[in-house]
$ cat model-v6.cif   # mmCIF, N, CA and C atoms
data_run
#
loop_
_atom_site.label_atom_id
_atom_site.label_comp_id
_atom_site.auth_asym_id
_atom_site.auth_seq_id
_atom_site.Cartn_x
_atom_site.Cartn_y
_atom_site.Cartn_z
N SER A 1 0.83 -1.19 0.00
CA SER A 1 0.00 0.00 0.00
C SER A 1 0.88 1.25 0.00
N ALA A 2 0.27 2.39 -0.26
CA ALA A 2 1.01 3.65 -0.24
C ALA A 2 1.50 3.99 1.16
N LYS A 3 0.94 3.38 2.16
CA LYS A 3 1.40 3.61 3.54
C LYS A 3 2.51 2.66 3.95
N GLY A 4 2.90 1.74 3.04
CA GLY A 4 4.01 0.84 3.32
C GLY A 4 3.63 -0.53 3.80
N SER A 5 2.36 -0.88 3.79
CA SER A 5 1.92 -2.21 4.22
C SER A 5 2.10 -3.21 3.09
N VAL A 6 2.24 -4.48 3.46
CA VAL A 6 2.24 -5.58 2.50
C VAL A 6 1.08 -6.48 2.90
N LEU A 7 0.17 -6.72 1.95
CA LEU A 7 -0.98 -7.58 2.19
C LEU A 7 -0.95 -8.73 1.20
N VAL A 8 -1.23 -9.93 1.67
CA VAL A 8 -1.38 -11.10 0.82
C VAL A 8 -2.84 -11.50 0.89
N ALA A 9 -3.50 -11.57 -0.27
CA ALA A 9 -4.92 -11.86 -0.32
C ALA A 9 -5.21 -13.11 -1.13
N CYS A 10 -6.25 -13.80 -0.76
CA CYS A 10 -6.76 -14.92 -1.55
C CYS A 10 -7.92 -14.36 -2.37
N LEU A 11 -7.73 -14.25 -3.67
CA LEU A 11 -8.76 -13.67 -4.52
C LEU A 11 -9.97 -14.59 -4.67
N GLU A 12 -9.75 -15.90 -4.56
CA GLU A 12 -10.88 -16.82 -4.65
C GLU A 12 -11.85 -16.64 -3.49
N ARG A 13 -11.30 -16.41 -2.30
CA ARG A 13 -12.14 -16.22 -1.11
C ARG A 13 -12.45 -14.76 -0.84
N GLY A 14 -11.71 -13.86 -1.51
CA GLY A 14 -11.92 -12.44 -1.30
C GLY A 14 -11.54 -11.96 0.08
N GLU A 15 -10.44 -12.50 0.61
CA GLU A 15 -10.03 -12.10 1.96
C GLU A 15 -8.52 -11.96 2.06
N VAL A 16 -8.10 -11.14 3.01
CA VAL A 16 -6.68 -10.95 3.29
C VAL A 16 -6.20 -12.15 4.10
N VAL A 17 -5.13 -12.80 3.63
CA VAL A 17 -4.56 -13.98 4.28
C VAL A 17 -3.54 -13.56 5.33
N ALA A 18 -2.73 -12.55 5.02
CA ALA A 18 -1.70 -12.07 5.94
C ALA A 18 -1.41 -10.61 5.63
N ARG A 19 -0.91 -9.90 6.64
CA ARG A 19 -0.66 -8.47 6.50
C ARG A 19 0.49 -8.05 7.41
N VAL A 20 1.33 -7.16 6.90
CA VAL A 20 2.37 -6.52 7.71
C VAL A 20 2.24 -5.02 7.49
N ASP A 21 1.93 -4.29 8.55
CA ASP A 21 1.89 -2.84 8.45
C ASP A 21 3.30 -2.28 8.63
N ASP A 22 3.56 -1.14 8.03
CA ASP A 22 4.86 -0.47 8.14
C ASP A 22 6.03 -1.35 7.67
N ALA A 23 5.79 -2.21 6.67
CA ALA A 23 6.87 -3.03 6.12
C ALA A 23 7.87 -2.16 5.36
N HIS A 24 7.36 -1.09 4.76
CA HIS A 24 8.20 -0.18 3.99
C HIS A 24 7.86 1.26 4.36
N SER A 25 8.86 2.12 4.25
CA SER A 25 8.68 3.53 4.57
C SER A 25 7.88 4.23 3.47
N PRO A 26 6.96 5.13 3.85
CA PRO A 26 6.22 5.86 2.84
C PRO A 26 7.06 6.93 2.14
N ILE A 27 8.24 7.22 2.64
CA ILE A 27 9.13 8.20 2.02
C ILE A 27 10.54 7.64 2.03
N GLY A 28 11.46 8.36 1.40
CA GLY A 28 12.86 7.95 1.45
C GLY A 28 13.35 7.49 0.10
N GLY A 29 14.51 6.86 0.11
CA GLY A 29 15.08 6.33 -1.12
C GLY A 29 15.85 7.37 -1.90
N ASN A 30 16.04 7.09 -3.15
CA ASN A 30 16.79 7.93 -4.06
C ASN A 30 15.90 9.07 -4.56
N PRO A 31 16.18 10.33 -4.21
CA PRO A 31 15.30 11.41 -4.62
C PRO A 31 15.18 11.58 -6.13
N ASN A 32 16.26 11.32 -6.88
CA ASN A 32 16.18 11.42 -8.34
C ASN A 32 15.25 10.36 -8.91
N ALA A 33 15.39 9.12 -8.42
CA ALA A 33 14.53 8.04 -8.89
C ALA A 33 13.09 8.30 -8.49
N ASN A 34 12.87 8.75 -7.26
CA ASN A 34 11.51 9.02 -6.81
C ASN A 34 10.85 10.10 -7.66
N ALA A 35 11.57 11.19 -7.95
CA ALA A 35 11.00 12.27 -8.75
C ALA A 35 10.68 11.80 -10.16
N TYR A 36 11.57 11.00 -10.74
CA TYR A 36 11.35 10.52 -12.11
C TYR A 36 10.21 9.52 -12.17
N LEU A 37 10.17 8.61 -11.21
CA LEU A 37 9.16 7.55 -11.24
C LEU A 37 7.79 8.02 -10.76
N TYR A 38 7.75 8.92 -9.79
CA TYR A 38 6.49 9.28 -9.16
C TYR A 38 6.06 10.73 -9.40
N GLY A 39 6.95 11.55 -9.95
CA GLY A 39 6.60 12.95 -10.20
C GLY A 39 6.25 13.67 -8.91
N GLU A 40 5.14 14.37 -8.92
CA GLU A 40 4.71 15.14 -7.76
C GLU A 40 3.95 14.29 -6.75
N PHE A 41 3.69 13.05 -7.08
CA PHE A 41 2.97 12.17 -6.17
C PHE A 41 3.81 11.96 -4.92
N ASP A 42 3.26 12.26 -3.77
CA ASP A 42 4.08 12.18 -2.56
C ASP A 42 3.80 10.92 -1.75
N GLY A 43 3.08 9.98 -2.33
CA GLY A 43 2.87 8.70 -1.66
C GLY A 43 4.11 7.86 -1.79
N GLY A 44 4.01 6.65 -1.49
CA GLY A 44 5.19 5.79 -1.61
C GLY A 44 4.87 4.43 -1.06
N GLY A 45 5.66 4.02 -0.09
CA GLY A 45 5.42 2.72 0.52
C GLY A 45 5.89 1.60 -0.37
N THR A 46 5.06 0.58 -0.49
CA THR A 46 5.40 -0.62 -1.23
C THR A 46 5.34 -0.36 -2.73
N THR A 47 6.41 -0.74 -3.44
CA THR A 47 6.48 -0.49 -4.88
C THR A 47 6.38 -1.75 -5.73
N ALA A 48 6.71 -2.92 -5.17
CA ALA A 48 6.65 -4.16 -5.93
C ALA A 48 6.53 -5.34 -4.97
N VAL A 49 5.83 -6.39 -5.42
CA VAL A 49 5.67 -7.60 -4.61
C VAL A 49 5.73 -8.81 -5.55
N ALA A 50 6.40 -9.87 -5.12
CA ALA A 50 6.40 -11.14 -5.84
C ALA A 50 6.07 -12.24 -4.84
N ILE A 51 5.22 -13.18 -5.27
CA ILE A 51 4.79 -14.27 -4.39
C ILE A 51 4.89 -15.59 -5.15
N LYS A 52 5.46 -16.60 -4.50
CA LYS A 52 5.47 -17.96 -5.06
C LYS A 52 5.45 -18.90 -3.87
N GLY A 53 4.41 -19.72 -3.77
CA GLY A 53 4.28 -20.61 -2.63
C GLY A 53 4.18 -19.79 -1.35
N ASP A 54 5.05 -20.09 -0.39
CA ASP A 54 5.04 -19.31 0.86
C ASP A 54 6.13 -18.24 0.88
N SER A 55 6.79 -18.02 -0.26
CA SER A 55 7.81 -16.98 -0.36
C SER A 55 7.18 -15.68 -0.83
N VAL A 56 7.42 -14.61 -0.10
CA VAL A 56 6.92 -13.29 -0.45
C VAL A 56 8.10 -12.34 -0.40
N ILE A 57 8.31 -11.60 -1.49
CA ILE A 57 9.37 -10.60 -1.55
C ILE A 57 8.68 -9.27 -1.82
N SER A 58 9.05 -8.24 -1.07
CA SER A 58 8.46 -6.92 -1.27
C SER A 58 9.55 -5.87 -1.33
N ALA A 59 9.28 -4.83 -2.11
CA ALA A 59 10.20 -3.71 -2.23
C ALA A 59 9.45 -2.44 -1.86
N GLY A 60 10.20 -1.47 -1.36
CA GLY A 60 9.58 -0.22 -0.96
C GLY A 60 10.31 0.99 -1.47
N ARG A 61 9.64 2.11 -1.38
CA ARG A 61 10.19 3.35 -1.88
C ARG A 61 11.46 3.77 -1.16
N GLU A 62 11.68 3.24 0.05
CA GLU A 62 12.91 3.57 0.79
C GLU A 62 14.13 2.90 0.18
N GLY A 63 13.91 1.98 -0.76
CA GLY A 63 15.01 1.27 -1.41
C GLY A 63 15.17 -0.13 -0.86
N GLY A 64 15.69 -1.01 -1.68
CA GLY A 64 15.93 -2.37 -1.26
C GLY A 64 14.68 -3.23 -1.35
N ALA A 65 14.82 -4.47 -0.87
CA ALA A 65 13.71 -5.41 -0.86
C ALA A 65 13.82 -6.28 0.39
N LYS A 66 12.69 -6.81 0.82
CA LYS A 66 12.64 -7.65 2.02
C LYS A 66 12.02 -9.00 1.67
N ALA A 67 12.51 -10.03 2.35
CA ALA A 67 11.99 -11.38 2.17
C ALA A 67 11.10 -11.74 3.35
N TRP A 68 10.01 -12.46 3.04
CA TRP A 68 9.04 -12.88 4.04
C TRP A 68 8.66 -14.33 3.77
N ARG A 69 8.21 -15.01 4.80
CA ARG A 69 7.61 -16.34 4.64
C ARG A 69 6.17 -16.23 5.08
N LEU A 70 5.26 -16.66 4.22
CA LEU A 70 3.84 -16.61 4.52
C LEU A 70 3.47 -17.78 5.42
N ASP A 71 2.94 -17.47 6.59
CA ASP A 71 2.38 -18.48 7.49
C ASP A 71 0.88 -18.30 7.43
N ALA A 72 0.23 -18.98 6.47
CA ALA A 72 -1.20 -18.81 6.23
C ALA A 72 -2.02 -19.29 7.43
N ASP A 73 -1.53 -20.31 8.15
CA ASP A 73 -2.28 -20.81 9.30
C ASP A 73 -2.40 -19.76 10.40
N LYS A 74 -1.34 -18.98 10.59
CA LYS A 74 -1.35 -17.93 11.62
C LYS A 74 -1.78 -16.58 11.05
N GLY A 75 -1.88 -16.50 9.71
CA GLY A 75 -2.27 -15.24 9.08
C GLY A 75 -1.23 -14.15 9.22
N GLU A 76 0.04 -14.53 9.08
CA GLU A 76 1.09 -13.52 9.22
C GLU A 76 2.22 -13.76 8.24
N LEU A 77 2.98 -12.71 8.01
CA LEU A 77 4.20 -12.77 7.23
C LEU A 77 5.37 -12.73 8.21
N VAL A 78 6.25 -13.73 8.13
CA VAL A 78 7.40 -13.82 9.01
C VAL A 78 8.59 -13.19 8.30
N ALA A 79 9.18 -12.18 8.90
CA ALA A 79 10.32 -11.47 8.30
C ALA A 79 11.54 -12.37 8.24
N LEU A 80 12.17 -12.43 7.04
CA LEU A 80 13.38 -13.22 6.84
C LEU A 80 14.60 -12.35 6.60
N GLY A 81 14.40 -11.04 6.49
CA GLY A 81 15.53 -10.13 6.31
C GLY A 81 15.53 -9.44 4.96
N ASP A 82 16.54 -8.60 4.78
CA ASP A 82 16.69 -7.86 3.54
C ASP A 82 17.30 -8.73 2.46
N VAL A 83 17.04 -8.38 1.21
CA VAL A 83 17.64 -9.08 0.07
C VAL A 83 19.00 -8.43 -0.20
N ALA A 84 20.05 -9.24 -0.29
CA ALA A 84 21.43 -8.75 -0.43
C ALA A 84 21.60 -7.86 -1.66
N GLU A 85 22.45 -6.87 -1.51
CA GLU A 85 22.91 -5.96 -2.58
C GLU A 85 21.83 -5.04 -3.16
N LEU A 86 20.65 -5.02 -2.57
CA LEU A 86 19.61 -4.13 -3.07
C LEU A 86 19.38 -2.93 -2.17
N GLY A 87 20.02 -2.89 -1.01
CA GLY A 87 19.82 -1.80 -0.06
C GLY A 87 20.04 -0.44 -0.69
N GLY A 88 19.06 0.44 -0.53
CA GLY A 88 19.16 1.79 -1.06
C GLY A 88 18.83 1.92 -2.53
N LYS A 89 18.74 0.80 -3.25
CA LYS A 89 18.41 0.85 -4.67
C LYS A 89 16.89 0.87 -4.84
N GLN A 90 16.41 1.61 -5.82
CA GLN A 90 14.98 1.72 -6.09
C GLN A 90 14.53 0.50 -6.89
N VAL A 91 13.91 -0.47 -6.23
CA VAL A 91 13.43 -1.68 -6.89
C VAL A 91 12.06 -1.38 -7.49
N THR A 92 11.96 -1.53 -8.80
CA THR A 92 10.71 -1.18 -9.49
C THR A 92 9.93 -2.40 -9.94
N ALA A 93 10.55 -3.58 -9.95
CA ALA A 93 9.85 -4.78 -10.38
C ALA A 93 10.45 -6.00 -9.70
N LEU A 94 9.58 -6.94 -9.32
CA LEU A 94 9.99 -8.21 -8.74
C LEU A 94 9.22 -9.33 -9.42
N SER A 95 9.90 -10.46 -9.64
CA SER A 95 9.23 -11.61 -10.23
C SER A 95 9.95 -12.87 -9.76
N ILE A 96 9.18 -13.94 -9.54
CA ILE A 96 9.76 -15.24 -9.20
C ILE A 96 9.37 -16.18 -10.34
N ASP A 97 10.37 -16.74 -11.02
CA ASP A 97 10.08 -17.60 -12.16
C ASP A 97 9.80 -19.04 -11.71
N ALA A 98 9.49 -19.90 -12.68
CA ALA A 98 9.11 -21.29 -12.40
C ALA A 98 10.23 -22.09 -11.75
N GLU A 99 11.48 -21.69 -11.95
CA GLU A 99 12.62 -22.39 -11.36
C GLU A 99 12.97 -21.86 -9.97
N GLY A 100 12.18 -20.95 -9.44
CA GLY A 100 12.42 -20.42 -8.11
C GLY A 100 13.48 -19.34 -8.06
N ARG A 101 13.70 -18.67 -9.18
CA ARG A 101 14.67 -17.56 -9.20
C ARG A 101 13.92 -16.25 -9.03
N LEU A 102 14.44 -15.42 -8.14
CA LEU A 102 13.89 -14.09 -7.93
C LEU A 102 14.61 -13.12 -8.84
N TRP A 103 13.85 -12.36 -9.60
CA TRP A 103 14.39 -11.31 -10.48
C TRP A 103 13.96 -9.97 -9.92
N ALA A 104 14.91 -9.06 -9.77
CA ALA A 104 14.61 -7.72 -9.25
C ALA A 104 15.11 -6.68 -10.23
N GLY A 105 14.20 -5.85 -10.73
CA GLY A 105 14.57 -4.75 -11.61
C GLY A 105 14.80 -3.50 -10.79
N VAL A 106 15.90 -2.82 -11.06
CA VAL A 106 16.33 -1.68 -10.25
C VAL A 106 16.54 -0.46 -11.13
N TYR A 107 16.10 0.68 -10.64
CA TYR A 107 16.31 1.96 -11.31
C TYR A 107 17.21 2.79 -10.41
N ASP A 108 18.28 3.36 -10.97
CA ASP A 108 19.27 4.05 -10.13
C ASP A 108 19.18 5.57 -10.16
N GLY A 109 18.14 6.13 -10.76
CA GLY A 109 17.99 7.58 -10.79
C GLY A 109 18.58 8.23 -12.02
N THR A 110 19.23 7.44 -12.87
CA THR A 110 19.74 7.94 -14.15
C THR A 110 18.93 7.24 -15.24
N PHE A 111 19.43 7.18 -16.43
CA PHE A 111 18.73 6.47 -17.48
C PHE A 111 19.29 5.06 -17.66
N GLU A 112 19.86 4.52 -16.60
CA GLU A 112 20.37 3.16 -16.62
C GLU A 112 19.64 2.37 -15.55
N GLY A 113 19.67 1.10 -15.67
CA GLY A 113 19.05 0.23 -14.68
C GLY A 113 19.84 -1.06 -14.58
N SER A 114 19.39 -1.90 -13.69
CA SER A 114 20.04 -3.19 -13.46
C SER A 114 18.98 -4.23 -13.16
N VAL A 115 19.35 -5.48 -13.41
CA VAL A 115 18.52 -6.61 -13.02
C VAL A 115 19.38 -7.52 -12.16
N TYR A 116 18.82 -7.98 -11.05
CA TYR A 116 19.52 -8.89 -10.15
C TYR A 116 18.73 -10.20 -10.11
N ARG A 117 19.47 -11.34 -10.05
CA ARG A 117 18.81 -12.64 -9.97
C ARG A 117 19.32 -13.39 -8.75
N TYR A 118 18.39 -13.94 -7.98
CA TYR A 118 18.67 -14.72 -6.77
C TYR A 118 18.01 -16.09 -6.92
N ASP A 119 18.41 -17.05 -6.08
CA ASP A 119 17.85 -18.39 -6.12
C ASP A 119 17.14 -18.68 -4.80
N LEU A 120 15.81 -18.81 -4.86
CA LEU A 120 15.03 -19.08 -3.65
C LEU A 120 15.30 -20.48 -3.08
N PHE A 121 15.80 -21.40 -3.92
CA PHE A 121 16.08 -22.75 -3.45
C PHE A 121 17.51 -22.93 -2.96
N ASP A 122 18.32 -21.90 -3.07
CA ASP A 122 19.68 -21.94 -2.53
C ASP A 122 19.57 -22.04 -1.01
N PRO A 123 20.37 -22.89 -0.36
CA PRO A 123 20.30 -22.99 1.09
C PRO A 123 20.68 -21.68 1.81
N ALA A 124 21.46 -20.83 1.15
CA ALA A 124 21.83 -19.54 1.76
C ALA A 124 20.63 -18.60 1.70
N PRO A 125 20.36 -17.87 2.77
CA PRO A 125 19.25 -16.91 2.73
C PRO A 125 19.52 -15.80 1.71
N LEU A 126 18.46 -15.15 1.26
CA LEU A 126 18.61 -14.08 0.27
C LEU A 126 19.52 -12.96 0.78
N SER A 127 19.56 -12.77 2.08
CA SER A 127 20.41 -11.72 2.65
C SER A 127 21.89 -12.02 2.51
N GLN A 128 22.25 -13.29 2.20
CA GLN A 128 23.65 -13.68 2.11
C GLN A 128 24.08 -14.12 0.71
N GLN A 129 23.16 -14.15 -0.24
CA GLN A 129 23.50 -14.58 -1.58
C GLN A 129 24.20 -13.48 -2.37
N THR A 130 25.07 -13.90 -3.27
CA THR A 130 25.67 -12.97 -4.23
C THR A 130 24.90 -13.17 -5.53
N PRO A 131 24.10 -12.19 -5.91
CA PRO A 131 23.24 -12.37 -7.10
C PRO A 131 23.99 -12.19 -8.41
N LEU A 132 23.38 -12.75 -9.46
CA LEU A 132 23.81 -12.41 -10.80
C LEU A 132 23.36 -10.97 -11.03
N HIS A 133 24.25 -10.10 -11.50
CA HIS A 133 23.93 -8.69 -11.72
C HIS A 133 24.09 -8.37 -13.19
N ILE A 134 23.03 -7.90 -13.80
CA ILE A 134 23.05 -7.51 -15.21
C ILE A 134 22.81 -6.02 -15.29
N LYS A 135 23.81 -5.27 -15.77
CA LYS A 135 23.69 -3.82 -15.93
C LYS A 135 23.13 -3.52 -17.30
N LEU A 136 22.08 -2.72 -17.35
CA LEU A 136 21.43 -2.39 -18.60
C LEU A 136 21.94 -1.05 -19.09
N PRO A 137 22.35 -0.95 -20.36
CA PRO A 137 22.84 0.33 -20.89
C PRO A 137 21.71 1.32 -21.07
N SER A 138 22.08 2.58 -21.14
CA SER A 138 21.08 3.63 -21.34
C SER A 138 20.63 3.68 -22.79
#
$ encode --input "model-v6.cif" --output "structure tokens"
Amino acid sequence: SAKGSVLVACLERGEVVARVDDAHSPIGGNPNANAYLYGEFDGGGTTAVAIKGDSVISAGREGGAKAWRLDADKGELVALGDVAELGGKQVTALSIDAEGRLWAGVYDGTFEGSVYRYDLFDPAPLSQQTPLHIKLPS
């Protein structure tokens, strides 16, 4: 949400399965990226979410991304930590592919960007992985 919450919903049942308030800051991050991406809009908070199974990854306007584990029985998201090497970077897109790889698209405030790839099935937590980094030319 624009206030920084992350909500996981079951669309079939029309209900929220789990929620974390204040997961991301409503302000902060790279001012150049924020101005370019959001213009005069002064909201912020959560900018991207990817879900696969019980893995939930969210990014916020403050920069970086966070990993969560969905505990549907308790109706909560369990914090697993930050995703390595994304701290302070404006994450604009997240996706988890069929092989369990997390892809994070990053905008750095210029006309260049980067894509990072992580492995959700790697025994090392996302906070300790060294991702594949692809720098995109302007």
$ resolve_selection --input "model-v6.cif" --expression "the PyMOL selection byres ((chain A and resi 69) around 6.5)" --output "ChimeraX atom specification"
/A:54-56,67-68,70-71,76-80
$ closest_residue --input "model-v6.cif" --among "A:Arg117, A:Arg19, A:His24, A:Lys74" --to "Gly45 of chain A" --atoms "all atoms listed in the file"
A:His24
$ residues_around --input "model-v6.cif" --residues "Gly87 of chain A" --least-positions-apart "5" --cutoff "6.5 Å" --atoms "only N, CA and C atoms" --output "VMD selection string"
chain A and resid 63 to 65
$ select_by_dssp --input "model-v6.cif" --residues "segment 46-88 of chain A" --states "strand (DSSP E)" --output "list in words"
Thr46, Thr47, Ala48, Val49, Ala50, Ile51, Lys52, Ser55, Val56, Ile57, Ser58, Ala59, Gly60, Ala65, Lys66, Ala67, Trp68, Arg69, Leu70, Asp71, Glu76, Leu77, Val78, Ala79, Leu80, Gly81 and Asp82 of chain A
$ atom_distance --input "model-v6.cif" --atom1 "atom CA of Thr130 of chain A" --atom2 "atom N of Thr92 of chain A"
18.4 Å
$ residues_around --input "model-v6.cif" --residues "Gln90 of chain A" --least-positions-apart "5" --cutoff "6.5 Å" --atoms "all atoms listed in the file" --output "list of chain:residue names"
A:Asn30, A:Arg61, A:Glu62, A:Gly63, A:Gly64, A:Gly105, A:Val106, A:Tyr107, A:Asp108
$ closest_residue --input "model-v6.cif" --among "A:Leu126, A:Val8, A:Leu132, A:Ala59" --to "Thr47 of chain A" --atoms "only C-alpha atoms"
A:Ala59
$ closest_residue --input "model-v6.cif" --among "A:Ala124, A:Gly75, A:Ala48, A:Tyr116" --to "Ala93 of chain A" --atoms "all atoms listed in the file"
A:Ala48
$ closest_residue --input "model-v6.cif" --among "A:Ile57, A:Ser127, A:Glu12, A:Thr46" --to "Asp82 of chain A" --atoms "all atoms listed in the file"
A:Ser127
$ atom_distance --input "model-v6.cif" --atom1 "atom N of Ala98 of chain A" --atom2 "atom CA of Ala18 of chain A"
23.1 Å
$ select_by_dssp --input "model-v6.cif" --residues "chain A" --states "alpha helix (DSSP H)" --output "PyMOL selection string"
chain A and resi 31-38
$ closest_residue --input "model-v6.cif" --among "A:Cys10, A:Glu85, A:Pro131, A:Ser114" --to "Arg101 of chain A" --atoms "only C-alpha atoms"
A:Pro131
$ resolve_selection --input "model-v6.cif" --expression "the PyMOL selection byres ((chain A and resi 102) around 5)" --output "PyMOL selection string"
chain A and resi 95-96+100-101+103-104+117-120
$ atom_distance --input "model-v6.cif" --atom1 "atom CA of Gln129 of chain A" --atom2 "atom CA of Lys66 of chain A"
13.4 Å
